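Printed here is target.pdb (PDB, C-alpha atoms, pLDDT in the B column):
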```pdb
MODEL        1
ATOM      1  CA  LEU A   1       8.995  20.916  27.058  1.00 38.00           C
ATOM      2  CA  LEU A   2       7.651  23.258  29.679  1.00 39.00           C
ATOM      3  CA  LEU A   3       4.023  22.940  30.620  1.00 41.00           C
ATOM      4  CA  GLU A   4       2.560  25.510  32.941  1.00 42.00           C
ATOM      5  CA  LYS A   5      -0.362  24.651  35.185  1.00 43.00           C
ATOM      6  CA  ASN A   6      -2.736  27.100  33.486  1.00 48.00           C
ATOM      7  CA  PHE A   7      -1.628  26.468  29.906  1.00 47.00           C
ATOM      8  CA  PRO A   8      -4.960  26.176  28.045  1.00 51.00           C
ATOM      9  CA  PHE A   9      -3.912  23.642  25.370  1.00 48.00           C
ATOM     10  CA  LYS A  10      -1.918  21.270  27.547  1.00 48.00           C
ATOM     11  CA  GLU A  11      -3.893  18.165  26.585  1.00 50.00           C
ATOM     12  CA  GLY A  12      -3.920  18.991  22.876  1.00 49.00           C
ATOM     13  CA  ILE A  13      -0.201  19.574  22.779  1.00 51.00           C
ATOM     14  CA  LEU A  14       0.524  16.407  24.704  1.00 52.00           C
ATOM     15  CA  PHE A  15      -1.668  14.488  22.296  1.00 53.00           C
ATOM     16  CA  PHE A  16       0.082  16.064  19.317  1.00 55.00           C
ATOM     17  CA  LEU A  17       3.523  15.180  20.652  1.00 59.00           C
ATOM     18  CA  PHE A  18       2.349  11.681  21.530  1.00 66.00           C
ATOM     19  CA  SER A  19       0.829  11.212  18.093  1.00 84.00           C
ATOM     20  CA  ASN A  20       3.986  12.522  16.437  1.00 88.00           C
ATOM     21  CA  GLN A  21       6.077   9.993  18.383  1.00 90.00           C
ATOM     22  CA  ILE A  22       3.878   7.134  17.158  1.00 91.00           C
ATOM     23  CA  LYS A  23       4.084   8.374  13.582  1.00 91.00           C
ATOM     24  CA  LYS A  24       7.909   8.438  13.717  1.00 94.00           C
ATOM     25  CA  LYS A  25       7.978   4.856  15.003  1.00 95.00           C
ATOM     26  CA  GLN A  26       5.590   3.740  12.270  1.00 94.00           C
ATOM     27  CA  GLN A  27       7.718   5.477   9.640  1.00 94.00           C
ATOM     28  CA  GLU A  28      10.832   3.709  10.916  1.00 95.00           C
ATOM     29  CA  VAL A  29       9.169   0.285  10.676  1.00 95.00           C
ATOM     30  CA  VAL A  30       7.720   1.000   7.211  1.00 94.00           C
ATOM     31  CA  GLY A  31      11.032   2.426   5.984  1.00 95.00           C
ATOM     32  CA  PHE A  32      12.892  -0.685   7.106  1.00 95.00           C
ATOM     33  CA  LEU A  33      10.373  -3.047   5.504  1.00 94.00           C
ATOM     34  CA  GLU A  34      10.425  -1.109   2.220  1.00 93.00           C
ATOM     35  CA  ALA A  35      14.232  -0.857   2.143  1.00 95.00           C
ATOM     36  CA  ASN A  36      14.497  -4.612   2.652  1.00 91.00           C
ATOM     37  CA  LYS A  37      11.745  -5.378   0.119  1.00 91.00           C
ATOM     38  CA  ILE A  38       9.598  -7.134   2.707  1.00 92.00           C
ATOM     39  CA  ASP A  39       5.954  -7.267   1.644  1.00 91.00           C
ATOM     40  CA  PHE A  40       3.606  -5.781   4.209  1.00 92.00           C
ATOM     41  CA  GLN A  41       0.224  -4.174   4.612  1.00 92.00           C
ATOM     42  CA  GLN A  42      -0.495  -1.259   6.918  1.00 92.00           C
ATOM     43  CA  MET A  43      -3.757  -1.427   8.812  1.00 92.00           C
ATOM     44  CA  ASP A  44      -5.434   1.872   9.690  1.00 89.00           C
ATOM     45  CA  ILE A  45      -6.531   1.770  13.312  1.00 89.00           C
ATOM     46  CA  ALA A  46      -7.280   5.483  13.600  1.00 85.00           C
ATOM     47  CA  GLY A  47     -10.155   5.459  11.131  1.00 87.00           C
ATOM     48  CA  ASP A  48     -11.235   1.812  11.233  1.00 89.00           C
ATOM     49  CA  GLU A  49     -12.801   0.533  14.443  1.00 90.00           C
ATOM     50  CA  ASP A  50     -12.662  -3.122  13.269  1.00 92.00           C
ATOM     51  CA  ASN A  51      -8.877  -2.898  12.723  1.00 92.00           C
ATOM     52  CA  ARG A  52      -8.403  -1.193  16.097  1.00 91.00           C
ATOM     53  CA  LYS A  53     -10.479  -3.866  17.838  1.00 92.00           C
ATOM     54  CA  TRP A  54      -8.588  -6.681  16.063  1.00 93.00           C
ATOM     55  CA  MET A  55      -5.205  -5.224  17.087  1.00 93.00           C
ATOM     56  CA  ARG A  56      -6.266  -4.799  20.719  1.00 92.00           C
ATOM     57  CA  GLU A  57      -7.649  -8.326  20.892  1.00 93.00           C
ATOM     58  CA  ASN A  58      -4.611  -9.965  19.263  1.00 94.00           C
ATOM     59  CA  VAL A  59      -1.790  -8.395  21.242  1.00 95.00           C
ATOM     60  CA  PRO A  60      -0.976 -10.949  23.978  1.00 95.00           C
ATOM     61  CA  GLY A  61      -1.953  -9.932  27.501  1.00 92.00           C
ATOM     62  CA  GLU A  62       1.627  -9.838  28.783  1.00 91.00           C
ATOM     63  CA  LYS A  63       2.502  -7.322  26.026  1.00 90.00           C
ATOM     64  CA  LYS A  64      -0.326  -4.909  26.826  1.00 90.00           C
ATOM     65  CA  PRO A  65       0.386  -1.827  28.937  1.00 88.00           C
ATOM     66  CA  GLN A  66      -1.275  -1.371  32.325  1.00 87.00           C
ATOM     67  CA  ASN A  67      -4.257   0.413  30.781  1.00 87.00           C
ATOM     68  CA  GLY A  68      -4.771  -2.607  28.499  1.00 85.00           C
ATOM     69  CA  ILE A  69      -4.597  -0.600  25.282  1.00 87.00           C
ATOM     70  CA  PRO A  70      -1.520  -1.313  23.139  1.00 90.00           C
ATOM     71  CA  LEU A  71      -0.240   1.567  21.037  1.00 90.00           C
ATOM     72  CA  PRO A  72       0.862   1.302  17.435  1.00 92.00           C
ATOM     73  CA  PRO A  73       2.926   0.168  15.798  1.00 94.00           C
ATOM     74  CA  GLN A  74       2.153  -3.436  16.663  1.00 95.00           C
ATOM     75  CA  ILE A  75       3.637  -5.936  14.216  1.00 96.00           C
ATOM     76  CA  PHE A  76       2.004  -9.159  13.068  1.00 96.00           C
ATOM     77  CA  ASN A  77       2.897 -11.790  10.482  1.00 94.00           C
ATOM     78  CA  GLU A  78      -0.564 -12.744   9.291  1.00 91.00           C
ATOM     79  CA  GLU A  79      -2.307 -13.413  12.634  1.00 91.00           C
ATOM     80  CA  GLN A  80       0.912 -14.249  14.512  1.00 93.00           C
ATOM     81  CA  TYR A  81       1.984 -11.483  16.886  1.00 95.00           C
ATOM     82  CA  CYS A  82       5.624 -10.453  16.393  1.00 96.00           C
ATOM     83  CA  GLY A  83       5.914  -7.543  18.805  1.00 95.00           C
ATOM     84  CA  ASP A  84       5.779  -3.818  19.366  1.00 95.00           C
ATOM     85  CA  PHE A  85       8.175  -1.096  18.227  1.00 96.00           C
ATOM     86  CA  GLU A  86      10.632  -1.660  21.074  1.00 96.00           C
ATOM     87  CA  SER A  87      10.831  -5.385  20.232  1.00 96.00           C
ATOM     88  CA  PHE A  88      11.241  -4.542  16.538  1.00 97.00           C
ATOM     89  CA  PHE A  89      14.033  -2.077  17.313  1.00 97.00           C
ATOM     90  CA  SER A  90      15.850  -4.582  19.554  1.00 98.00           C
ATOM     91  CA  ALA A  91      15.589  -7.334  16.939  1.00 97.00           C
ATOM     92  CA  LYS A  92      16.966  -4.959  14.317  1.00 96.00           C
ATOM     93  CA  GLU A  93      19.878  -3.959  16.584  1.00 96.00           C
ATOM     94  CA  GLU A  94      20.617  -7.613  17.419  1.00 96.00           C
ATOM     95  CA  ASN A  95      20.474  -8.533  13.714  1.00 92.00           C
ATOM     96  CA  ILE A  96      17.648 -11.060  14.289  1.00 95.00           C
ATOM     97  CA  ILE A  97      14.933  -9.104  12.513  1.00 95.00           C
ATOM     98  CA  TYR A  98      13.905 -11.887  10.130  1.00 94.00           C
ATOM     99  CA  SER A  99      13.439 -14.280  13.028  1.00 95.00           C
ATOM    100  CA  PHE A 100      11.442 -11.598  14.862  1.00 95.00           C
ATOM    101  CA  LEU A 101       9.210 -11.183  11.813  1.00 95.00           C
ATOM    102  CA  GLY A 102       8.796 -14.948  11.421  1.00 93.00           C
ATOM    103  CA  LEU A 103      10.465 -14.865   7.995  1.00 92.00           C
ATOM    104  CA  ALA A 104      13.274 -16.855   6.442  1.00 91.00           C
ATOM    105  CA  PRO A 105      16.281 -14.584   5.989  1.00 90.00           C
ATOM    106  CA  PRO A 106      17.344 -13.836   2.427  1.00 86.00           C
ATOM    107  CA  PRO A 107      20.432 -15.681   1.197  1.00 85.00           C
ATOM    108  CA  GLY A 108      23.618 -14.221   2.638  1.00 77.00           C
ATOM    109  CA  THR A 109      21.982 -12.733   5.757  1.00 72.00           C
ATOM    110  CA  LYS A 110      21.334 -13.956   9.280  1.00 59.00           C
TER     111      LYS A 110
ENDMDL
END
```

Show me the file's structure as structure tokens.
Amino acid sequence: LLLEKNFPFKEGILFFLFSNQIKKKQQEVVGFLEANKIDFQQMDIAGDEDNRKWMRENVPGEKKPQNGIPLPPQIFNEEQYCGDFESFFSAKEENIIYSFLGLAPPPGTK
């Protein structure tokens, strides 16, 4: 990506790329949950201020970025915070995803 100093849409393009990155992460989480038949509910934080406020208030302080605003996807089991996308990805790679999600693993899995 090459951004020139006088490029008129620099902020819009950065936002678009940033938004696209979030969407891909969300799709990966949703795809995994669906493939493994794990019940879940997506909460819209883009169009629902109450959901956005709830997410921001319920991500633990040590998990918030320096600006204090956590980015989606943030994963909760009911009101229990599980983690962000990076934590989800690590748990998946380490084969401890059910523990990460606070769920009992299905028979025959770890």

Which one of A:Glu78, A:Asp50, A:Thr109, A:Asp84 sits closest to A:Pro65 if you count all atoms listed in the file?
-> A:Asp84

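Each of A:Asn20, A:Val29, A:Trp54, A:Asp48 was compared to A:Leu101 using all atoms listed in the file, and A:Val29 turns out to be the nearest.
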
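The two atoms in question, atom CA of A:Arg56 and atom CA of A:Glu34, are spaced 25.2 Å apart.
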
12 Å contact set for A:Asn77, all atoms listed in the file, chain neighbours under 6 positions out, as JSON, numbers by chain | {"A": [38, 39, 40, 41, 42, 58, 83, 98, 99, 100, 101, 102, 103]}

Hey, can you check how far atom CA of A:Asn51 sits from atom CA of A:Phe89?
-> 23.4 Å

Box for stretch 53-63 of chain A - axis-aligned, 8 Å on each of the six sides, all listed atoms - centre and size in Å to one decimal, as AutoDock Vina command-line options.
```
--center_x -4.0 --center_y -7.4 --center_z 22.4 --size_x 29.0 --size_y 23.1 --size_z 28.7
```

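Using all atoms listed in the file, the protein and nucleic acid residues lying no more than 9 Å from stretch 26-28 of chain A, apart from those fewer than 4 places from it along its own chain, are Gln21, Ile22, Phe32, Leu33, Pro72, Pro73 and Phe85 of chain A.
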
Of the listed residues A:Arg52, A:Gly31, A:Gly47, A:Ala91, that which approaches A:Gln74 most closely, counting only C-alpha atoms = A:Arg52
